[in-house]
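What follows is a single structure, written as structure tokens, with notes after it.
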Amino acid sequence: MRIKSSAFPVTRRKKRPGSLAATLVASAALLVGGVVSASSTASATTPVKGGTVTYDMELAPQCADPEVSPQFTTYQLARPVVDSLVASSDGKTYKPWLATKWTVSANAEHYTFFLRKGVTFSDGTPFNAAAVKYNFDRIVAPATKSEYASSLMGPYESTTIINPYEVEVNFKSGFNSFLFAASTPNLGIQSPTALKKNPPCSAPVGSGPFVITQFNAQTGATLTNRPTYAWDPGTVTNKGAAYLSTLVFNFVPTDATRVGSLTSGQATIIEAPPATDVATLEKEGYNVIHQPQPGGVYDMYISALHAPWNTLDGRLALRDALNVPGMIKALYDGVYQPAWSPIAANTPDFDPAVVNSWSQNVKESDKLLATLGYTKRDAAGYLENKAGKELDITLVSVDSREQRQELALLIKQEEAKAGINVTISTNETTGIADIYDGGFGITASAHVEASPDVLRQLYDSADVPDSGGLNYGLFKSAQLDTWLNEATASINPATQKTLYDDVQEYVVKNAVSIPLYQELTLNAASTKLKGLTFDATGYVQYYDAYLAS
Amino acid sequence: MIRYAASKILWGVVVIWGTATVAFVVLRVVPGNPLTLILQGTPTTPQLVHAIDSQFHLNDSILVQYFLYLNALLHGNLGVSIANGQSVGSQIFAVLPATLQLVATATIFGGVLGLALGLVASWTRFRWLDRLIGASNVVLTSIPAFWAGLILLTFFSFSLGWFPAAGNNGFRSIVLPTISLSLPVIAIVAQLIRDAMKEVLLEPYVLAARAKGLSESTVRLRHALRNALGPALTAVGVIVGSLITGAVVVEQVFAREGIGALALRAITEKDFPMVQGVVLVVAAGYVVTNIVTEIVHALVDPRIR
């Protein structure tokens with residue numbers, strides 16, 4: 001099983017009520033305000049020990065076990081609690097964490113991890129090779145019903161315990177994105193004793209700098225500092241125990257309640273302040289933090305099942321009709337950035353060559369459509385062919401967050417100028433069924449992940465939704481399949497880069513999909529909160545965080 | 001009396017059975033095949049398909065499916081949530097006490113305050129006070145709980161800091177949700193008590209009581225009120241049902257635990273077994289409160305039986 005799409009109700013790692021089309025995306029609406037860089041929230045002052053930080057999150061987790069849940073809420077809840085084998089702040093370079101070093105076989109089929117000694121889980125049980133094996137075997141076991149972590153395991157075969165502090169993780173075929181996978185909290189190592197004892201979807205018990213001491217699946221969790229913590233990831237400046245004594249995570253679905261909690265001091269930091277409040281919060285001196293997210297951008301996938309859109313000329317004509325940067329600027333005013341590649345600019349192996357490689361060209365669109373037989377306009381101004389068939393396409397857009405419905409309307413307007421009649425389907429039931437059966441014309445979604453491997457999930461012909469993949473367009477290209485599978489099996493960074501460049505250029509040149517904008521996370525925080533850092537996926541980390549006195 | 005109660009309970013069982021049937025039918029008549037709808041694009045594996053097939057008996061005829069479903073319900077089995085694979089029943093019953101607590105505090109608070117206001121309005125010599133209470137009732141019934149909640153939060157939590165904005169921690173956290181949820185109860189009870197009192201006070205037995213020289217408060221509270229309570233009691237029975245619905249919104253605003261948050265999430269995520277379970281439990285709640293109200297009403301007013 002792999003990931004979920006934003007076209008579908010279950011989001012990968014993040015679910016948002018009110019938007020059917022789930023997604024792997026960053027955050028909610030928020031389309032105003034300037035970008036505050038992450039570093040600006042850090043400070044030169046000396047960290048202070050103690051204090052409580054209250055984080056109001058938008059969604060409650062459906063399942064608190066990161067090995068099961070695809071939600072970003074679960075991901076964020078688990079990160080301070082569960083340590084991973086390796087750490088990464090950019091998705092490119094990896095630092096030791098629970099593994100002090102590791103080796104990868106030349107075919108990327110075998111990973112050997114040398115484990116840190118003296119690490120204990122918060123329930124007192126030891127961390128060792130058996131714990132690693134137990135977690136990885138559990139993730140892929142069908143009984144676990146993992147909705148995301150299992151896809152991160154790729155072609156997992158087995159974990160072999162070489163000695164109590166050395167494990168070999170084996171794959172059926174080359175799988176070079178396993179280091180990325182191993183750095184996520186979804187593949188973090190939880191206490192096997194706790195996993196066996198607690199009911200499914202319980203709050204995780206790990207070896208992290210914080211321990212979940214109180215948990216209510218609907219209202220929130222209290223995380224307490226673990227003073228004996230001494231195995232920090234190599235990506236942070238703090239050593240030893242975290243600075244904060246308590247972290248309180250509240251699940252607060254109503255936007256106004258989160259904002260009010262921040263301004264009244266009941267919350268220190270809130271997730272996804274609504275667009276209408278961002279400017280005010282900035283004016284009042286709160287840190288509004290936009291953090292770009294890597295992985296699949298918000299992208300329109302064109303179905304390979306319907307003529308004339310299953311031809312190169314048809315797809316190019318569709319794309320030539322659109323002024324993507326213009327639409328994104330008009331709608332989001334610089335908060336969301338237009339996308340050129342199917343992956344975001346901060347994804348490893350992003351190919352800058354595709355930037356500005358196409359632009360709106362309605363004349364060219366006309367010419368291409370004429371070659372397809374669509375030459376005359378009907379009374380409504382839409383093109384039709386000799387048989388009198390109007391040129392139309394259905395755009396499935398069921399998600400209302402991030403102004404995606406407004407974006408769909410802009411697309412409809414621009415396509416209409418080129419003579420293409422776009423019907424927007426917002427009907428959730430039909431929309432979902434359409435996508436599921438591949439009966440749609442275009443559908444759009446985004447898939448956050450700090451690895452270019454997301455390209456394989458999106459364009460490999462085997463990764464269609466029926467088999468749990470993300471290839472919604474059902475696009476098939478032997479060339480793409482070859483490149484993607486070679487890239488996945490290679491451990492040579494230069495080879496990977498070349499192959500992923502080829503893939504991105506192919507996708508753009510052949511208009512397999514039409515990238516729209518790049519995702520980001522949005523948080524607003526009190527200026528007292530210092531030392532916030534972000535992981536490779538764009539989520540807040542609290543290990544270095546402290547409250548300025 | 002026992003016959004009366006039994007007939008009401010029997011009728012309640014029929015209503016719950018009807019609700020269960022509607023919930024069953026709706027799942028089968030919505031467009032698309034049930035499996036696709038249930039999966040909703042969730043990555044499919046043969047195990048998952050098999051699990052759903054066997055859970056919903058999709059390979060059997062509709063009639064067989066229906067009886068299997070009723071049989072499971074009779075055994076208290078509400079099925080398994082698609083979203084997290086856990087029992088629907090255990091998830092609902094884990095949060096139901098929180099919702100019931102909120103509904104109960106709102107009903108009691110609203111009922112008592114409404115009763116007091118209704119008595120004041122019917123008793124006062126000042127017409128302006130009666131009119132003021134009447135006008136407030138109109139306002140209170142028209143304020144959406146969502147908006148009331150935000151206004152209360154703004155003043156009493158964000159500005160004054162008297163109550164926490166979110167969560168289920170202790171007495172202070174239930175005050176504002178209770179008030180937001182109880183506004184329509186206050187208004188309806190106050191209005192019904194006032195009107196009924198005005199009417200009842202014109203009855204000959206009130207005149208007779210006064211003629212006996214009983215004090216005004218005895219006449220009003222002991223004789224008139226008992227007869228004026230009927231309409232308000234019936235109304236409260238109906239309102240309590242709708243309060244469970246109102247709790248959905250209030251629980252969201254105050255980020256409280258409860259069946260409302262569960263229902264909303266199940267709906268947005270198309271978790272059919274969960275929606276079905278919540279609908280049945282809420283319907284059962286309606287039916288039970290109505291039966292209880294009717295029986296209490298019959299006890300208070302023997303003419304009903």
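We label chains A, B, ... in the order they appear in the structure tokens, count residues from 1 in each chain, and number ligands from 1 in the order shown.
Near segment 252-264 of chain B, within a cut-off of 6 Å and counting only C-alpha atoms, sit the residues Gln218, Thr219, Val252 and Thr254 of chain A; Val95, Leu96, Ala98, Thr99, Ala166, Gly167, Asn168, Ala247 and Val248 of chain B, with same-chain residues fewer than 4 positions away left out.
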Mind checking which residues fall within 12 Å of segment 209-221 of chain B, counting only C-alpha atoms, ignoring those fewer than 4 positions away in the same chain, and posting them as a ChimeraX atom specification?
/B:115-116,119-120,122-123,193-194,196-205,225-229
If you count only C-alpha atoms, which residues fall within 12 Å of Gly285 of chain A, apart from same-chain ones fewer than 6 positions away, as number ranges by chain?
A: 36, 262-263, 278-279, 524-528
Fewer than 2 positions away in the same chain doesn't count, so skip those; otherwise give me all residues within 7 Å of segment 74-88 of chain B, counting only C-alpha atoms, as an NGL selection string.
(:A and (62-63)) or (:B and (70-72 or 90-92 or 271 or 273-274 or 277))
Within 10 Å of Ser157 of chain B using only C-alpha atoms, minus same-chain residues under 6 positions, as a PyMOL selection string:
(chain A and resi 257+260-261+264+266) or (chain B and resi 150-151+163-166+176)
Show me, as a VMD selection string, the residues that have an atom within 9 Å of Ala129 of chain A when counting only C-alpha atoms, minus same-chain residues fewer than 2 positions from it.
chain A and resid 114 to 115 127 131 to 134 160 to 167
Determine, counting only C-alpha atoms, which protein, DNA and RNA residues have an atom within 8 Å of an atom of Ala232 of chain B; residues of the same chain fewer than 6 positions away are not included. Present the result as a CSV table (one decimal) with C-alpha atoms, in the first residue's frame.
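The resulting selection04.csv:
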```
chain,number,residue,atom,x,y,z
B,188,ILE,CA,-38.3,28.0,25.2
B,189,VAL,CA,-38.8,27.0,28.8
B,192,LEU,CA,-43.8,28.2,27.7
B,193,ILE,CA,-43.9,28.6,31.5
```
Quick check for you: according to DSSP on this backbone, which residues of segment 139-260 of chain B are classed as helix (DSSP H, G or I)? Reply as a VMD selection string.
chain B and resid 139 to 142 145 to 159 172 to 200 204 to 211 216 to 253 259 to 260
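Residue nearest chain B, chosen from A:Tyr459, A:Phe121, A:Phe249, A:Phe171 and counting only C-alpha atoms: A:Phe249.
If only C-alpha atoms are the atoms counted, then among A:Val86, A:Cys201, A:Val119, A:Ala304 the closest residue to chain B is A:Cys201.
Between atom CA of Leu59 of chain A and atom CA of Ile289 of chain A there is a distance of 18.6 Å.
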